[in-house]
Each structure stands twice: as C-alpha cells, then as structure tokens.
Amino acid sequence: MESSRLLVEGGRKIEGEIRVHGAKNSVLPILAATLLCGIRHTNSGNAGISRTRTGEAGISVIHNTASLSDAFAAMRILRSLGCEISREGSTVTVCSANAEGDIVSDGLMHEMRSSIVFLGAILGRVGRCRLSFPGGCELGPRPIDLHLEALRRLGVKITEGHGILDCTAGVRPLSADITLSLPSVGATENIMLYSAVGSGETVIRNAAREPEISDLAGYLIKCGAKISGQGTSTLVIDGVPELHGCEYSVMPDRIEAATYMGAAAITRGELMLTGVRPADMYSCMSVFSEMGCGVYPYDDKIFISARKPISAVRTVRTMPYPGFPTDCQPIVMAVLSKSQGTSVIVENIFENRFMAAPELRRMGANIKAEGKVAVIEGVKTLYGAPVRAHDLRAGAALVVAALGAEGQTEISNVHYIDRGYESIETALSSVGADLRRI
Ligand code: UD1
C-alpha cells in the first residue's frame with residue numbers, strides 16, 4: 001500500500017508554542033494493563049489460581065491518549081480480546097469486564113512490534129496467551145529472551161515453535177527475585193503486568209528506570225496495585241487479588257518534545273513547549289544546550305531559543321534512562337548534520353539505529369556510520385531531496401532535517417511517523433513550518 005508523503009519546504013523559522021501530546025511509550029503498556037481490571041484471583045491451593053470476573057469494576061478512563069497509529073493498533077488488540085472501547089478526543093474508555101480472549105492474531109502482532117507488552121497482561125487476566133513471536137524489526141533483531149525467562153521464573157509454562165509462543169500460567173512462587181541482565185523496558189513492563197494481580201511478591205532488579213515505567217506503575221497503583229521502587233532499579237510488586245479500573249492521565253511524550261526542540265534548533269527558531277515534564281528530559285536538554293541553544297525549563301514548560309549557529313557536541317552516547325535516549329538519537333543526528341564542527345554518536349541500545357544516515361546524506365549531510373559509531377561532520381547547508389522514512393524516529397529526523405534544508409524535501413513512508421506523532425504536520429505548521437501531507 002502506498003502510504004502518504006510529506007512535502008516540506010525548508011528554511012522557515014520555527015516560532016511559537018506547541019502543546020506536547022501523551023507519551024506513546026506510556027499509553028501502550030497502560031492500554032495493555034486495562035486488561036487486568038475487573039478480574040479476581042483466588043488461590044485455590046493445588047487447583048491453582050481461579051479467575052472470576054468482578055463486573056463493572058473493569059472500566060478505565062485514560063486521558064491524554066494521543067491519536068497515534070500504534071495506540072489504535074493497541075485498541076484493536078483490546079477489542080479483539082473482548083474489551084469495549086470508546087474514544088472522545090484524547091480520552092479513551094476501556095471496559096475490560098468481558099475480555100476473555102487469549103490470542104493476539106498474527107496480523108495484529110505484526111502491526112505493532114510492541115504488542116509483546118500484551119503478553120503479561122493477557123496471562124494475568126485469563127491465565128493463557130498465544131501470540132506470534134514478534135521477530136525482528138527495523139531496529140534489528142529485538143529479542144524477547146528476558147521477558148520469557150522472567151515469566152518462566154514466575155511459573156509460566158512457555159512453548160515456542162513455528163513462530164508461535166504458547167504460554168500458560170502455572171503455580172506462582174510466593175516470592176520471586178528476578179535480576180534482568182540488562183534493564184529492558186519491555187521486559188520490566190511484562191513482569192510488572194503479570195505480577196500485579198495474584199498472590200506473591202516479585203522483585204525486579206536492574207529494572208528499567210524510564211519515566212514510562214513509573215507511569216505504568218502510577219496507573220496500576222491507582223487501580224489498587226502494590227508497587228514500590230518506581231524510578232529506581234529495584235521494583236517490588238506485591239500481587240493483589242484484584243484491580244479496579246481508574247481514571248488516569250498519560251505522561252507527556254518526552255521524545256515528541258525533543259523532536260520539536262530539534263525543529264527549533266535546526267531552523268534557528270524559538271519554541272515554547274507546554275505540557276512537558278522537564279525533569280524527565282535532562283539528558284536531552286543538556287545536548288541542546290551544548291549545541292549552543294538556550295534551553296529554559298520551568299514548571300511544565302521548556303523554552304528553547306536557537307539564536308546562535310549550532311555547534312558540534314562532545315560524544316553523545318545512548319544509554320538506558322537517565323542516559324541519553326536512543327529514540328532521540330536520530331533527531332540529534334539530523335540537527336548536528338547542520339552544525340559547525342564534528343560530532344560523534346555512539347548507539348549502545350539498538351544494533352541498527354543509524355537508518356536516518358543514508359537519507360540525511362542524500363540531503364547533503366556528511367555522516368560516516370559504522371557499527372555503533374556515527375561521525376557527523378557538520379555542513380553549512382542541507383538541501384531538499386526525495387527521502388524515505390525507514391522507521392519511526394528516523395522518519396521524524398528527516399522531518400527535522402527537511403525543515404532546516406534549502407528547498408523542498410519529499411518524505412515517503414510517512415506511516416512510520418504516524419506511529420508516534422499525532423499529526424506532525426499540524427503541530428509544526430502551527431509554529432511556522434511549511435509542510436503538508438500528500
Ligand atoms: C522500548 C521503547 C522504545 C525504546 C526502547 C529503549 C516502547 C513501546 N518502546 O522498547 O521506543 O527505543 O525501549 O529505550 O516502550 N533486549 C534483549 N532481550 C530482551 C529484551 C531486550 O536483548 O528480552 C535488548 C534489545 O535488543 C535492545 C535492548 O535490550 O538492544 C533494549 O530493549 P528494550 O529496553 O526491551 O526496548 P523495548 O521495550 O523493545
């Protein structure tokens with residue numbers, strides 16, 4: 001299917017104010033977590049766990065849900081499992097009272113790789129789950145060994161074959177102490193989801209500390225879960241017999257915010273971002289400051305002013321939170337393409353995350369990328385060119401580069417960008433950019 005394209009006329013200064021939407025990486029696990037509401041776990045000794053519905057208590061009202069194709073894919077999965085969903089603006093109401101499904105279809109799994117986060121939630125709700133192995137994606141192999149190893153430690157029986165994962169909840173240990181060999185965001189979420197309901201205490205060591213993990217914990221706690229240690233690398237989840245629904249507002253998207261900061265920086269503009277949480281964004285803000293931008297956080301706002309030419313920065317290394325986020329790396333690469341001096345980026349999280357580099361080169365950037373390292377020799381001018389988004393953030397990086405380029409850029413494969421940005425063209429047009437979808 002031919003997806004839409006973005007036509008960007010470069011060289012317009014970004015000036016104005018943008019309100020940042022709710023975070024994609026937060027709303028997906030929260031939508032999965034709604035499945036855990038309205039079910040009661042009773043430990044029946046040798047007979048295992050019985051799960052009974054508690055009726056109306058299974059309703060969650062989730063505010064600040066951005067219109068993203070990934071969020072819509074998550075809603076389709078919930079519907080396919082038996083949830084009723086309604087949406088009004090950015091508020092999504094999920095009633096999971098009748099959710100009995102235990103299968104995520106191959107089509108839905110392929111639509112969104114992060115649908116693996118439904119595994120812990122479905123298992124927690126119905127005690128079984130069958131889904132196809134997510135496999136690789138644009139960023140590289142994306143294994144899920146840590147998810148599966150941890151679930152096995154929690155008594156889940158898993159068979160893998162012909163690309164299918166078949167999981168059945170077994171007897172859960174009264175206490176489980178799980179140390180992740182690396183702080184995987186998805187594995188931490190799946191363990192939290194599976195452990196939240198039922199008896200037993202689960203400790204996750206070397207847990208991911210991303211703010212989106214704390215947001216998921218915040219939602220679960222509001223539903224009645226007992227979780228402590230969020231924001232640290234040791235999470236303790238004390239399973240409870242049941243969760244009720246709640247009303248919750250998704251945290252702001254720090255990657256969307258960083259993308260718009262990139263747009264302001266590359267066009268030498270000035271932008272006020274509202275509805276953000278600056279405390280989650282220190283590593284990003286410091287890179288933009290080092291580029292020579294004025295970055296002024298206060299309350300729920302960040303003001304960025306790029307009056308001086310962009311300068312090269314010391315080596316940027318992507319790291320788990322609170323380090324520099326891998327999702328912002330392509331954005332920063334785009335801005336540094338048009339800077340004074342040479343910068344180095346080391347990508348430590350994903351194997352294949354310099355997908356923007358060849359496209360940026362078509363626009364005149366001087367980037368050498370090999371393995372984990374990219375060397376960016378800043379150029380004075382980027383030029384518009386036909387380019388292609390190869391993944392979500394690489395696509396957003398091309399939008400940023402196009403705004404700072406001379407002439408017209410045509411970006412194809414915009415469906416990747418739509419996975420994580422609610423109408424990027426509307427947000428950027430409102431602050432002076434010239435871009436439209438065709
Ligand atoms: C999440 C984010 C993604 C972000 C990434 C890192 C969502 C929906 N996606 O992805 O935007 O780029 O965190 O901040 O929240 N790994 C293993 N085995 C596993 C799991 C992961 O080896 O079982 C490796 C991965 O290959 C990768 C690294 O760990 O190299 C980080 O992955 P992880 O933190 O799990 O990322 P995701 O949850 O997939």
# chains A, B, ... in the order shown; residues from 1 in each chain; ligands from 1
$ select_by_dssp --residues "range 254-315 of chain A" --states "helix (DSSP H, G or I)" --output "ChimeraX atom specification"
/A:254-266,278-290
$ write_last_selection --atoms "N, CA, C and O atoms" --output "compact mmCIF listing (two decimals), in the first residue's frame"
# COMPACT_ATOMS: atom_id res chain seq x y z
N ARG A 254 8.20 12.61 25.97
CA ARG A 254 9.48 13.33 26.00
C ARG A 254 10.19 13.25 24.65
O ARG A 254 11.00 14.09 24.30
N ILE A 255 9.88 12.21 23.85
CA ILE A 255 10.56 12.08 22.55
C ILE A 255 9.92 13.06 21.55
O ILE A 255 10.61 13.68 20.75
N GLU A 256 8.60 13.20 21.63
CA GLU A 256 7.94 14.18 20.77
C GLU A 256 8.48 15.57 21.11
O GLU A 256 8.81 16.37 20.22
N ALA A 257 8.61 15.86 22.42
CA ALA A 257 9.13 17.16 22.84
C ALA A 257 10.53 17.38 22.27
O ALA A 257 10.83 18.46 21.73
N ALA A 258 11.38 16.37 22.36
CA ALA A 258 12.76 16.51 21.86
C ALA A 258 12.77 16.72 20.34
O ALA A 258 13.62 17.43 19.80
N THR A 259 11.81 16.10 19.65
CA THR A 259 11.74 16.26 18.19
C THR A 259 11.46 17.73 17.84
O THR A 259 12.11 18.31 16.95
N TYR A 260 10.51 18.34 18.56
CA TYR A 260 10.17 19.74 18.27
C TYR A 260 11.31 20.67 18.70
O TYR A 260 11.53 21.71 18.09
N MET A 261 12.05 20.26 19.74
CA MET A 261 13.24 21.05 20.11
C MET A 261 14.25 21.00 18.96
O MET A 261 14.88 22.00 18.62
N GLY A 262 14.37 19.84 18.34
CA GLY A 262 15.27 19.68 17.19
C GLY A 262 14.83 20.59 16.04
O GLY A 262 15.66 21.22 15.37
N ALA A 263 13.51 20.69 15.84
CA ALA A 263 12.98 21.53 14.75
C ALA A 263 13.33 23.00 15.01
O ALA A 263 13.72 23.73 14.10
N ALA A 264 13.20 23.42 16.28
CA ALA A 264 13.53 24.82 16.62
C ALA A 264 15.03 25.04 16.43
O ALA A 264 15.45 26.06 15.87
N ALA A 265 15.84 24.08 16.88
CA ALA A 265 17.30 24.25 16.83
C ALA A 265 17.78 24.38 15.38
O ALA A 265 18.55 25.29 15.04
N ILE A 266 17.32 23.49 14.51
CA ILE A 266 17.87 23.45 13.14
C ILE A 266 17.42 24.67 12.32
O ILE A 266 18.07 25.05 11.35
N PRO A 278 9.96 18.63 32.31
CA PRO A 278 11.38 18.85 32.08
C PRO A 278 12.28 17.89 32.86
O PRO A 278 13.33 17.47 32.36
N ALA A 279 11.84 17.48 34.05
CA ALA A 279 12.69 16.61 34.88
C ALA A 279 13.01 15.28 34.20
O ALA A 279 14.02 14.64 34.50
N ASP A 280 12.15 14.87 33.25
CA ASP A 280 12.40 13.61 32.53
C ASP A 280 13.37 13.81 31.38
O ASP A 280 13.72 12.84 30.69
N MET A 281 13.77 15.06 31.12
CA MET A 281 14.44 15.34 29.85
C MET A 281 15.83 15.97 30.00
O MET A 281 16.33 16.59 29.07
N TYR A 282 16.45 15.79 31.17
CA TYR A 282 17.73 16.47 31.40
C TYR A 282 18.80 16.09 30.37
O TYR A 282 19.52 16.94 29.87
N SER A 283 18.89 14.79 30.06
CA SER A 283 19.97 14.38 29.15
C SER A 283 19.78 15.00 27.76
O SER A 283 20.74 15.38 27.10
N CYS A 284 18.53 15.13 27.32
CA CYS A 284 18.25 15.76 26.02
C CYS A 284 18.53 17.25 26.07
O CYS A 284 19.18 17.81 25.19
N MET A 285 18.02 17.87 27.14
CA MET A 285 18.17 19.33 27.23
C MET A 285 19.65 19.70 27.26
O MET A 285 20.06 20.69 26.66
N SER A 286 20.48 18.87 27.93
CA SER A 286 21.89 19.25 28.02
C SER A 286 22.58 19.15 26.66
O SER A 286 23.48 19.93 26.35
N VAL A 287 22.15 18.21 25.81
CA VAL A 287 22.76 18.13 24.46
C VAL A 287 22.38 19.38 23.64
O VAL A 287 23.22 19.97 22.97
N PHE A 288 21.11 19.81 23.75
CA PHE A 288 20.71 21.02 23.01
C PHE A 288 21.44 22.25 23.56
O PHE A 288 21.83 23.13 22.79
N SER A 289 21.66 22.31 24.86
CA SER A 289 22.43 23.44 25.43
C SER A 289 23.84 23.43 24.88
O SER A 289 24.38 24.47 24.50
N GLU A 290 24.42 22.22 24.82
CA GLU A 290 25.80 22.13 24.33
C GLU A 290 25.90 22.54 22.86
O GLU A 290 26.93 23.04 22.41
$ closest_atom_pairs --of "chain A" --to "ligand 1" --cutoff "7 Å" --atoms "only C-alpha atoms and all ligand atoms" --output "tab-separated table"
residue	atom	partner	partner_atom_place_in_ligand_line	distance
A:Lys24	CA	ligand 1	8 (C)	7.0
A:Asn25	CA	ligand 1	15 (O)	4.0
A:Ser26	CA	ligand 1	15 (O)	6.7
A:Leu28	CA	ligand 1	8 (C)	6.5
A:Ser114	CA	ligand 1	8 (C)	5.1
A:Pro141	CA	ligand 1	26 (O)	6.4
A:Arg142	CA	ligand 1	26 (O)	4.2
A:Pro143	CA	ligand 1	18 (N)	4.6
A:Ile144	CA	ligand 1	23 (O)	3.2
A:Asp145	CA	ligand 1	23 (O)	4.0
A:Leu146	CA	ligand 1	23 (O)	3.5
A:His147	CA	ligand 1	23 (O)	5.0
A:Leu182	CA	ligand 1	29 (O)	6.4
A:Pro183	CA	ligand 1	34 (O)	6.2
A:Ser184	CA	ligand 1	34 (O)	3.4
A:Val185	CA	ligand 1	34 (O)	3.8
A:Gly186	CA	ligand 1	38 (O)	3.3
A:Ala187	CA	ligand 1	35 (O)	5.8
A:Pro320	CA	ligand 1	14 (O)	6.1
A:Pro325	CA	ligand 1	14 (O)	6.1
A:Thr326	CA	ligand 1	12 (O)	5.6
A:Asp327	CA	ligand 1	12 (O)	5.0
A:Ile349	CA	ligand 1	30 (O)	4.6
A:Phe350	CA	ligand 1	30 (O)	4.5
A:Glu351	CA	ligand 1	30 (O)	6.8
$ residues_around --residues "Thr52 in chain A" --least-positions-apart "6" --cutoff "7 Å" --atoms "only C-alpha atoms" --output "list in words"
Ile39, Arg40 and His41 of chain A
$ write_last_selection --atoms "all heavy atoms" --output "short mmCIF file (atom, residue, chain, number, x, y, z; two decimals), in the first residue's frame"
data_model
loop_
_atom_site.label_atom_id
_atom_site.label_comp_id
_atom_site.auth_asym_id
_atom_site.auth_seq_id
_atom_site.Cartn_x
_atom_site.Cartn_y
_atom_site.Cartn_z
N ILE A 39 -11.02 -8.42 37.38
CA ILE A 39 -10.88 -9.88 37.48
C ILE A 39 -10.34 -10.18 38.88
O ILE A 39 -9.51 -9.45 39.39
CB ILE A 39 -9.93 -10.41 36.37
CG1 ILE A 39 -10.05 -11.92 36.21
CG2 ILE A 39 -8.48 -10.03 36.59
CD1 ILE A 39 -11.04 -12.29 35.16
N ARG A 40 -10.88 -11.21 39.52
CA ARG A 40 -10.40 -11.54 40.88
C ARG A 40 -9.61 -12.85 40.83
O ARG A 40 -10.07 -13.84 40.26
CB ARG A 40 -11.60 -11.69 41.83
CG ARG A 40 -11.22 -12.26 43.19
CD ARG A 40 -12.46 -12.44 44.04
NE ARG A 40 -12.88 -11.15 44.56
CZ ARG A 40 -12.39 -10.59 45.67
NH1 ARG A 40 -11.46 -11.20 46.36
NH2 ARG A 40 -12.83 -9.42 46.08
N HIS A 41 -8.45 -12.82 41.42
CA HIS A 41 -7.61 -14.02 41.51
C HIS A 41 -7.80 -14.66 42.87
O HIS A 41 -7.64 -14.02 43.88
CB HIS A 41 -6.13 -13.65 41.37
CG HIS A 41 -5.69 -13.46 39.97
ND1 HIS A 41 -4.48 -13.89 39.50
CD2 HIS A 41 -6.31 -12.88 38.91
CE1 HIS A 41 -4.36 -13.57 38.22
NE2 HIS A 41 -5.45 -12.95 37.85
#
$ atom_distance --atom1 "CA of Thr202 in chain A" --atom2 "CA of Ala150 in chain A"
10.3 Å
$ residues_around --residues "Ala356 in chain A" --least-positions-apart "3" --cutoff "8 Å" --atoms "only C-alpha atoms" --output "list in words"
Pro330, Arg353, Glu359, Leu360, Ala389, His390, Ala394, Gly395, Ala397 and Leu398 of chain A
$ residues_around --residues "Pro211 in chain A" --least-positions-apart "5" --cutoff "9 Å" --atoms "only C-alpha atoms" --output "PyMOL selection string"
chain A and resi 26+216+230-231+251+280+321-322
$ residues_around --residues "Val431 in chain A" --least-positions-apart "6" --cutoff "9 Å" --atoms "only C-alpha atoms" --output "list in words"
Lys13, Ile14, Glu15, Gly16, Glu17, Ile18 and Leu271 of chain A
$ write_last_selection --atoms "all heavy atoms" --output "mmCIF file, in the first residue's frame"
data_model
loop_
_atom_site.group_PDB
_atom_site.id
_atom_site.type_symbol
_atom_site.label_atom_id
_atom_site.label_comp_id
_atom_site.auth_asym_id
_atom_site.auth_seq_id
_atom_site.Cartn_x
_atom_site.Cartn_y
_atom_site.Cartn_z
ATOM 1 N N LYS A 13 11.633 29.567 9.824
ATOM 2 C CA LYS A 13 11.952 29.535 11.248
ATOM 3 C C LYS A 13 10.777 28.970 12.033
ATOM 4 O O LYS A 13 9.629 29.322 11.775
ATOM 5 C CB LYS A 13 12.169 30.973 11.725
ATOM 6 C CG LYS A 13 13.542 31.249 12.266
ATOM 7 C CD LYS A 13 13.577 32.640 12.847
ATOM 8 C CE LYS A 13 14.793 33.433 12.480
ATOM 9 N NZ LYS A 13 16.068 32.909 12.591
ATOM 10 N N ILE A 14 11.081 28.120 13.002
ATOM 11 C CA ILE A 14 10.035 27.630 13.906
ATOM 12 C C ILE A 14 9.891 28.642 15.034
ATOM 13 O O ILE A 14 10.857 28.938 15.738
ATOM 14 C CB ILE A 14 10.458 26.260 14.481
ATOM 15 C CG1 ILE A 14 10.502 25.196 13.383
ATOM 16 C CG2 ILE A 14 9.569 25.825 15.644
ATOM 17 C CD1 ILE A 14 9.174 24.854 12.792
ATOM 18 N N GLU A 15 8.709 29.192 15.180
ATOM 19 C CA GLU A 15 8.473 30.170 16.247
ATOM 20 C C GLU A 15 7.054 30.012 16.766
ATOM 21 O O GLU A 15 6.111 30.012 15.980
ATOM 22 C CB GLU A 15 8.677 31.597 15.732
ATOM 23 C CG GLU A 15 10.101 32.063 15.966
ATOM 24 C CD GLU A 15 10.467 33.318 15.176
ATOM 25 O OE1 GLU A 15 9.792 33.626 14.174
ATOM 26 O OE2 GLU A 15 11.432 33.956 15.583
ATOM 27 N N GLY A 16 6.920 29.874 18.069
ATOM 28 C CA GLY A 16 5.583 29.757 18.650
ATOM 29 C C GLY A 16 5.547 28.773 19.792
ATOM 30 O O GLY A 16 6.539 28.585 20.493
ATOM 31 N N GLU A 17 4.389 28.132 19.914
ATOM 32 C CA GLU A 17 4.165 27.265 21.073
ATOM 33 C C GLU A 17 3.529 25.955 20.620
ATOM 34 O O GLU A 17 2.634 25.959 19.786
ATOM 35 C CB GLU A 17 3.220 28.014 22.028
ATOM 36 C CG GLU A 17 2.960 27.300 23.313
ATOM 37 C CD GLU A 17 2.080 28.131 24.255
ATOM 38 O OE1 GLU A 17 2.362 29.338 24.447
ATOM 39 O OE2 GLU A 17 1.109 27.548 24.761
ATOM 40 N N ILE A 18 4.001 24.864 21.150
ATOM 41 C CA ILE A 18 3.384 23.564 20.841
ATOM 42 C C ILE A 18 3.057 22.865 22.159
ATOM 43 O O ILE A 18 3.899 22.815 23.062
ATOM 44 C CB ILE A 18 4.334 22.649 20.014
ATOM 45 C CG1 ILE A 18 4.607 23.236 18.630
ATOM 46 C CG2 ILE A 18 3.744 21.239 19.877
ATOM 47 C CD1 ILE A 18 5.526 22.376 17.749
ATOM 48 N N LEU A 271 11.022 28.254 20.499
ATOM 49 C CA LEU A 271 9.806 27.457 20.682
ATOM 50 C C LEU A 271 9.511 27.269 22.159
ATOM 51 O O LEU A 271 10.415 26.978 22.951
ATOM 52 C CB LEU A 271 10.016 26.080 20.025
ATOM 53 C CG LEU A 271 8.839 25.129 19.978
ATOM 54 C CD1 LEU A 271 7.701 25.681 19.132
ATOM 55 C CD2 LEU A 271 9.281 23.783 19.403
#
